[in-house]
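Report on one structure; see the data block that follows.
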Amino acid sequence: MTDIPLIELHLHLEGAAPPAFIRGLAQEKGINLDGVFNEDGSYRFDDFVGFLRTYEAATTVLTGPEEFRRLTLAVLEQSAAQGVIYTEAFVSPNFCGGGDLGAWREYVAAMKEAADQMERDAGIIMRGIVTCIRHEGPDAAKPDALCAAETMGDFITGFGMGGDEAVGVQGDYAYSFDMAREAGLRLTTHAGEWGGAASVWQAVRDLKVERIGHGVQSIEDPALVDHLAEHGIVLEVCPGSNVALGVFPQWSQHPIERLRERGVPITVSTDDPPFFHTELTREYDMLADTFGWDEEVVREVNKTAAKAAFCDAATREKLLKKLEPADV
Ligand code: ADE
Ligand code: ZN
C-alpha cells in the first residue's frame, strides 16, 4: 500500500456502491434483488453484458435524491479510506430522474451536499461527470447532455459516455458531446475497452474528447499510440476491471506499462471496485508486483491525473502540491 495521495478519475458512482449498502436499501424498501448477489454477498455476473444487467438491477434501489446522498457518502468514505484525495465520479441522469431536468437538479444538490460534507470531514474532493449510456442510444443521450449543461458548475464539470461499446459508433453521440462542449464541460468517453483501436480514433476525431475511459486497445495501433502521446490524450486505465471482465486474461498481459513506456499519459482507476473485487491501493499493489512500479512511478501517474482532472486551477494546484514529496 502506497502512502502517496491518490487521484482517481474513473469511478462510476453506482458501480462503486458497496453490496451491503445496496442490500440494506433493498431491505428498507422491500425491493426484490434476486439474481444480483452471489451467496457470499458479492455482485453476481458472468460477462460484460451480465455485469451491465446486474449493475442496472442494483440501481433500482436508488429511488431518489436521498438515496444518492447516502450513496455518495458511502462511496467517498470508501475512497478516502484508500488514501484518495480527489475523485471524479460518473453519474447518469438515467438513474437520477430518467433525464428529467427538474428531478436531476435535486439529485445533483443531494450528491453535492454529501460531497461537501466529505470534503469537510475527510478532506476528499469530488467532481461529477455526467454520463450518457451508450446502449440507450443517441436520442437518450440528448437529455443527459442537457442535464449536464444546465447543472455545470463547480461540482458538475464533465460529460462522458459509458455502457455497451458494441452498440453503434462514437460519432452517433456527437450532438450530445457538442452540446456539452459548448456549455463548457470537459469531455471523456469509454473507448477501446471492448472496441478496438478504431473506437479510440473515433472518440478522438468525432467526439473530440480530451481523455479516454480505458483506451487500452490503443496498443493494437502504433500510429494511435503515437497520436495519444503527441497530443497528451490521457487514458483512464482500470487494469483490475479489465482483468476481472476478461478484456485481458491476466495482469501480466495488460498493456498499461507498454503504453506508459511509449509516452501515453496514463492514470489508474478502479471503475466499479466492489464488482471487480478491487480497491485503488490493490491496483497499485498489483502494478508494483506485475510491472515493478515504484514510488516515483506512482507519484508521476498521480501527477498526470491531477493535471488531467476536470477541476478548476486552484484545486489542481492544491492537488499537485499534495503530490510533492515534501508534503507527503
Ligand atoms: N459502466 C460501468 N462500468 C463500465 C465499464 N467498465 N464499461 C462501460 N460502461 C460501464
Ligand atoms: Zn467505466
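Simple scheme: letters A, B, ... for chains in C-alpha cells order, numbers from 1 for residues in each chain, numbers from 1 for ligands in the order shown.
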What does the list of residues within 9 Å of ligand 2 look like if you count only C-alpha atoms and all ligand atoms, written as number ranges by chain? A: 10-12, 15, 90, 161-163, 189-190, 193, 213-214, 236, 238, 241, 270-272
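Each of A:Ile22, A:Val84, A:Ala183, A:Ala110 was checked against Leu6 (chain A) using only C-alpha atoms; the smallest atom-to-atom distance is that of A:Val84.
Counting only C-alpha atoms, the residue from A:Gly196, A:Ala57, A:Met286, A:Leu259 that sits nearest to Pro239 (chain A) is A:Met286.
Among the candidates A:Asp116, A:Glu210, A:Asp121, A:Glu14, the residue lying nearest to Glu56 (chain A) is A:Glu14 (atoms considered: only C-alpha atoms).
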So that I can check the secondary structure, give me every residue of region 125-183 of chain A assigned helix (DSSP H, G or I) by backbone DSSP, as a PyMOL selection string. chain A and resi 134-136+138-151+170-183
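Counting only C-alpha atoms, Met152 (chain A) has the following residues at most 10 Å away, ignoring those fewer than 6 positions along the same chain: Gly128, Ile129, Val130, Leu146, Gly158, Phe159, Ala180, Ala183, Gly184 and Leu185 of chain A.
For the atom pair formed by CA of Lys322 (chain A) and CA of Asp3 (chain A), the distance is 11.5 Å, given to one decimal.
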Show me, as a PyMOL selection string, the residues that have an atom within 10 Å of Asn242 (chain A) when counting only C-alpha atoms, minus same-chain residues fewer than 5 positions from it. chain A and resi 193-194+214+216+237+247-251+254+270-271+276
Please run DSSP on the backbone and report, as a VMD selection string, all residues within region 21-159 of chain A that come out as strand (DSSP E). chain A and resid 84 to 91 125 to 133 156 to 159
I want to know what sits within 10 Å of Val297 (chain A), based on only C-alpha atoms, with residues of the same chain fewer than 6 positions away left out; could you give that as a ChimeraX atom specification? /A:260,288,303
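CA of His227 (chain A) sits 20.8 Å away from CA of Ala174 (chain A).
Of the listed residues (A:Ser79, A:Thr87, A:Thr304, A:Ser199), A:Ser199 comes nearest to Asp221 (chain A); the distances count only C-alpha atoms.
Each of A:Leu9, A:Met179, A:Val91, A:Ala309 was checked against ligand 1 using only C-alpha atoms and all ligand atoms; the smallest atom-to-atom distance is that of A:Val91.
When only C-alpha atoms are used to compute distances to Gln170 (chain A), the closest of the residues A:Gly83, A:Pro93, A:Pro325, A:Gly195 turns out to be A:Gly195.
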Need to verify the contact set: Gly97 (chain A), 9 Å, only C-alpha atoms, exclusion of same-chain residues closer than 5 positions in sequence. Can you return it as a list in words? Thr63, Gly64, Pro65, Gly102, Ala103, Trp104 and Tyr107 of chain A
What does the file look like for those residues with all heavy atoms, as a short mmCIF file (atom, residue, chain, number, x, y, z; two decimals), in the first residue's frame?
data_model
loop_
_atom_site.label_atom_id
_atom_site.label_comp_id
_atom_site.auth_asym_id
_atom_site.auth_seq_id
_atom_site.Cartn_x
_atom_site.Cartn_y
_atom_site.Cartn_z
N THR A 63 -33.75 5.15 -5.28
CA THR A 63 -35.04 5.65 -5.78
C THR A 63 -35.20 7.16 -5.73
O THR A 63 -36.19 7.68 -6.24
CB THR A 63 -36.18 5.00 -4.97
OG1 THR A 63 -35.86 5.14 -3.58
CG2 THR A 63 -36.33 3.52 -5.30
N GLY A 64 -34.28 7.87 -5.10
CA GLY A 64 -34.46 9.32 -5.02
C GLY A 64 -33.18 10.02 -4.60
O GLY A 64 -32.15 9.37 -4.36
N PRO A 65 -33.22 11.36 -4.51
CA PRO A 65 -32.03 12.13 -4.15
C PRO A 65 -31.41 11.70 -2.82
O PRO A 65 -30.18 11.66 -2.68
CB PRO A 65 -32.56 13.57 -4.07
CG PRO A 65 -33.73 13.59 -4.99
CD PRO A 65 -34.36 12.24 -4.88
N GLY A 102 -35.66 18.88 -13.89
CA GLY A 102 -36.04 19.32 -12.54
C GLY A 102 -35.62 18.31 -11.50
O GLY A 102 -35.05 18.65 -10.45
N ALA A 103 -35.90 17.03 -11.78
CA ALA A 103 -35.52 15.97 -10.84
C ALA A 103 -33.99 15.91 -10.73
O ALA A 103 -33.43 15.82 -9.63
CB ALA A 103 -36.07 14.63 -11.32
N TRP A 104 -33.32 15.97 -11.87
CA TRP A 104 -31.85 15.88 -11.88
C TRP A 104 -31.22 16.95 -10.98
O TRP A 104 -30.27 16.68 -10.25
CB TRP A 104 -31.35 16.00 -13.33
CG TRP A 104 -29.89 16.20 -13.47
CD1 TRP A 104 -29.25 17.33 -13.90
CD2 TRP A 104 -28.85 15.25 -13.18
NE1 TRP A 104 -27.89 17.15 -13.89
CE2 TRP A 104 -27.62 15.88 -13.45
CE3 TRP A 104 -28.84 13.94 -12.70
CZ2 TRP A 104 -26.39 15.24 -13.28
CZ3 TRP A 104 -27.61 13.30 -12.52
CH2 TRP A 104 -26.41 13.95 -12.81
N TYR A 107 -31.21 15.73 -7.50
CA TYR A 107 -30.20 14.68 -7.30
C TYR A 107 -28.80 15.31 -7.18
O TYR A 107 -28.00 14.93 -6.31
CB TYR A 107 -30.21 13.67 -8.44
CG TYR A 107 -31.30 12.64 -8.37
CD1 TYR A 107 -32.59 12.90 -8.87
CD2 TYR A 107 -31.06 11.37 -7.84
CE1 TYR A 107 -33.58 11.94 -8.83
CE2 TYR A 107 -32.05 10.40 -7.80
CZ TYR A 107 -33.31 10.69 -8.29
OH TYR A 107 -34.29 9.74 -8.25
#
Got a sec: who's within 6 Å of Asp206 (chain A), counting only C-alpha atoms, leaving out chain neighbours fewer than 3 positions off, as a ChimeraX atom specification? /A:171,202-203
